[in-house]
Amino acid sequence: MGKNFAEYSDADLYHLVQQKGRDAEAAFTILYDRLSPRIYKYCRRVLGHQGLAEDIFQETFIKFYKSADQQDRRMTNVAGFVLKIARNLCLNAKSSKYYGLANLEDFNFSTRGEQYEDKELLEIVKSAVECLPIDYREAFILRDYDGMSYPEIAEILSISIPTVKIRIFRARKKLRKILSPYVNDLSK
């Protein structure tokens, strides 16, 4: 394999995957390496549960790979397409009757130390984000955690740019309200 696929665009790599030729596996591997950190972070932040996020993350890439057989047109926004798959799977998982049940492995039994307060504050912030309505949380995570632009978020969520801005504004407002008792407590 004398080709340097790392220089190919996402769209060109996806096209190679669609062709199912001898370069398809290498092209998929490059796409996976490029997109997986972003997709995993999204799943983890939206779901708030590591085990479930890992399952959804893997299922996302399985569906993405299988989509190459079903897509007959040229893909232009591969990252957005994969994120949309992850989003739909996350929404399905959150609507499951088993979502929110805690695993024993999620509980950390530790002694109080200097890092305890930092971990506790981080958990409070994570919990606050999880308390947001899913519409607000998705827009907030895509903007503030993943650094996506308003047009990118609008495309992924299939909503208008003004709606994206409103959801992010309301998410931040709700987070301030949720976190204000903790912030006030810390400032004392």
# chains A, B, ... in the order shown; residues from 1 in each chain; ligands from 1
>>> closest_atom_pairs(of="region 122-159 of chain A", to="region 21-42 of chain A", cutoff="12 Å", atoms="only C-alpha atoms", output="tab-separated table")
residue	atom	partner	partner_atom	distance
A:Arg137	CA	A:Tyr42	CA	10.7
A:Glu138	CA	A:Tyr42	CA	8.7
A:Ala139	CA	A:Tyr42	CA	10.9
A:Phe140	CA	A:Tyr42	CA	10.9
A:Ile141	CA	A:Tyr42	CA	7.3
A:Leu142	CA	A:Tyr42	CA	7.5
A:Arg143	CA	A:Tyr42	CA	10.9
A:Asp144	CA	A:Tyr42	CA	11.3
A:Tyr145	CA	A:Tyr42	CA	8.4
A:Asp146	CA	A:Arg38	CA	7.3
A:Gly147	CA	A:Arg38	CA	10.4
A:Met148	CA	A:Arg38	CA	10.8
>>> residues_around(residues="Ile153 (chain A)", least_positions_apart="2", cutoff="12 Å", atoms="only C-alpha atoms", output="PyMOL selection string")
chain A and resi 79-81+83-84+87+135-136+138-144+146-151+155-165+167-168
>>> residues_around(residues="Ser127 (chain A)", least_positions_apart="5", cutoff="10 Å", atoms="only C-alpha atoms", output="PyMOL selection string")
chain A and resi 48+121-122+132+178-179
>>> residues_around(residues="Ala86 (chain A)", least_positions_apart="4", cutoff="10 Å", atoms="only C-alpha atoms", output="number ranges by chain")
A: 39-40, 42-43, 53, 56-61, 63-64, 80-82, 90-92
>>> atom_distance(atom1="CA of Lys66 (chain A)", atom2="CA of Ser95 (chain A)")
23.9 Å
>>> select_by_dssp(residues="chain A", states="alpha helix (DSSP H)", output="ChimeraX atom specification")
/A:10-19,24-47,50-70,78-95,114-131,134-140,150-157,161-187
>>> write_last_selection(atoms="C-alpha atoms", output="short mmCIF file (atom, residue, chain, number, x, y, z; two decimals), in the first residue's frame")
data_model
loop_
_atom_site.label_atom_id
_atom_site.label_comp_id
_atom_site.auth_asym_id
_atom_site.auth_seq_id
_atom_site.Cartn_x
_atom_site.Cartn_y
_atom_site.Cartn_z
CA ASP A 10 -12.93 12.65 4.97
CA ALA A 11 -15.19 12.64 1.93
CA ASP A 12 -12.55 10.96 -0.24
CA LEU A 13 -11.88 8.34 2.44
CA TYR A 14 -15.60 7.62 2.77
CA HIS A 15 -15.80 7.22 -1.00
CA LEU A 16 -13.02 4.60 -0.80
CA VAL A 17 -14.95 2.78 1.92
CA GLN A 18 -18.04 2.82 -0.30
CA GLN A 19 -16.13 1.23 -3.17
CA ALA A 24 -11.49 0.36 2.02
CA GLU A 25 -10.16 -1.01 5.31
CA ALA A 26 -7.25 1.45 5.43
CA ALA A 27 -9.58 4.33 4.57
CA PHE A 28 -12.02 3.34 7.31
CA THR A 29 -9.19 3.07 9.83
CA ILE A 30 -8.05 6.62 9.05
CA LEU A 31 -11.62 7.92 9.37
CA TYR A 32 -12.03 6.07 12.67
CA ASP A 33 -8.78 7.54 14.01
CA ARG A 34 -9.84 11.05 12.99
CA LEU A 35 -13.40 10.96 14.26
CA SER A 36 -13.38 8.62 17.24
CA PRO A 37 -12.11 11.03 19.95
CA ARG A 38 -14.80 13.56 19.13
CA ILE A 39 -17.57 10.98 18.89
CA TYR A 40 -16.58 9.27 22.14
CA LYS A 41 -16.50 12.58 24.01
CA TYR A 42 -19.92 13.43 22.66
CA CYS A 43 -21.41 10.09 23.74
CA ARG A 44 -19.79 10.32 27.17
CA ARG A 45 -21.02 13.85 27.81
CA VAL A 46 -24.54 13.28 26.55
CA LEU A 47 -25.06 9.97 28.33
CA GLN A 50 -18.94 5.47 30.64
CA GLY A 51 -20.07 1.91 29.93
CA LEU A 52 -23.13 2.97 27.98
CA ALA A 53 -21.13 5.64 26.14
CA GLU A 54 -18.59 3.01 25.05
CA ASP A 55 -21.36 0.75 23.76
CA ILE A 56 -23.04 3.56 21.83
CA PHE A 57 -19.66 4.73 20.52
CA GLN A 58 -18.92 1.28 19.08
CA GLU A 59 -22.41 0.93 17.66
CA THR A 60 -22.01 4.32 15.99
CA PHE A 61 -19.01 3.18 13.99
CA ILE A 62 -20.63 -0.12 13.10
CA LYS A 63 -23.63 1.75 11.69
CA PHE A 64 -21.29 4.21 9.97
CA TYR A 65 -19.41 1.38 8.26
CA LYS A 66 -22.63 -0.32 7.19
CA SER A 67 -23.94 2.99 5.85
CA ALA A 68 -21.34 2.85 3.08
CA ASP A 69 -23.43 0.10 1.47
CA GLN A 70 -26.61 2.15 1.69
CA VAL A 78 -18.61 12.85 7.09
CA ALA A 79 -17.99 14.13 10.64
CA GLY A 80 -21.50 15.56 10.80
CA PHE A 81 -22.97 12.32 9.47
CA VAL A 82 -21.19 10.22 12.11
CA LEU A 83 -22.16 12.66 14.86
CA LYS A 84 -25.78 12.42 13.73
CA ILE A 85 -25.63 8.62 14.00
CA ALA A 86 -24.17 8.95 17.52
CA ARG A 87 -26.84 11.48 18.45
CA ASN A 88 -29.68 9.22 17.35
CA LEU A 89 -28.22 6.25 19.22
CA CYS A 90 -27.74 8.38 22.36
CA LEU A 91 -31.33 9.58 22.19
CA ASN A 92 -32.55 6.00 21.82
CA ALA A 93 -30.43 4.91 24.77
CA LYS A 94 -31.73 7.77 26.94
CA SER A 95 -35.31 6.81 26.17
CA GLU A 114 -6.97 17.28 48.77
CA GLN A 115 -8.29 16.13 45.40
CA TYR A 116 -11.63 15.12 46.84
CA GLU A 117 -13.10 18.63 46.58
CA ASP A 118 -11.97 18.98 42.96
CA LYS A 119 -13.52 15.64 42.05
CA GLU A 120 -16.68 16.55 43.92
CA LEU A 121 -16.97 19.87 42.07
CA LEU A 122 -16.41 18.14 38.74
CA GLU A 123 -19.16 15.65 39.56
CA ILE A 124 -21.50 18.51 40.50
CA VAL A 125 -20.87 20.20 37.14
CA LYS A 126 -21.38 16.90 35.28
CA SER A 127 -24.62 16.31 37.18
CA ALA A 128 -25.78 19.83 36.40
CA VAL A 129 -25.19 19.26 32.68
CA GLU A 130 -27.09 15.97 32.89
CA CYS A 131 -30.03 17.83 34.48
CA ILE A 134 -31.75 16.85 26.17
CA ASP A 135 -32.33 19.54 23.51
CA TYR A 136 -30.41 22.13 25.54
CA ARG A 137 -27.72 19.66 26.61
CA GLU A 138 -26.93 18.56 23.06
CA ALA A 139 -26.53 22.10 21.76
CA PHE A 140 -24.51 23.11 24.83
CA TYR A 150 -23.69 27.39 15.17
CA PRO A 151 -24.19 26.33 11.52
CA GLU A 152 -22.53 22.94 12.21
CA ILE A 153 -24.76 22.37 15.23
CA ALA A 154 -27.84 23.41 13.27
CA GLU A 155 -27.01 20.90 10.54
CA ILE A 156 -26.38 18.03 12.96
CA LEU A 157 -29.50 18.69 15.04
CA ILE A 161 -29.30 28.63 13.69
CA PRO A 162 -31.50 30.93 15.83
CA THR A 163 -32.92 27.84 17.57
CA VAL A 164 -29.36 26.65 18.27
CA LYS A 165 -28.51 30.01 19.82
CA ILE A 166 -31.65 30.00 21.96
CA ARG A 167 -30.98 26.46 23.22
CA ILE A 168 -27.39 27.29 24.15
CA PHE A 169 -28.45 30.51 25.88
CA ARG A 170 -31.13 28.67 27.86
CA ALA A 171 -28.74 25.83 28.73
CA ARG A 172 -26.21 28.28 30.15
CA LYS A 173 -28.93 30.10 32.05
CA LYS A 174 -30.19 26.85 33.59
CA LEU A 175 -26.64 25.79 34.48
CA ARG A 176 -26.05 29.10 36.26
CA LYS A 177 -29.25 28.57 38.21
CA ILE A 178 -28.40 24.95 39.09
CA LEU A 179 -24.80 25.73 40.07
CA SER A 180 -25.40 29.05 41.87
CA PRO A 181 -25.81 27.47 45.36
CA TYR A 182 -22.52 25.62 44.93
CA VAL A 183 -20.70 28.67 43.60
CA ASN A 184 -22.03 30.79 46.46
CA ASP A 185 -20.94 28.13 48.92
CA LEU A 186 -17.43 28.07 47.44
CA SER A 187 -17.05 31.83 47.63
#
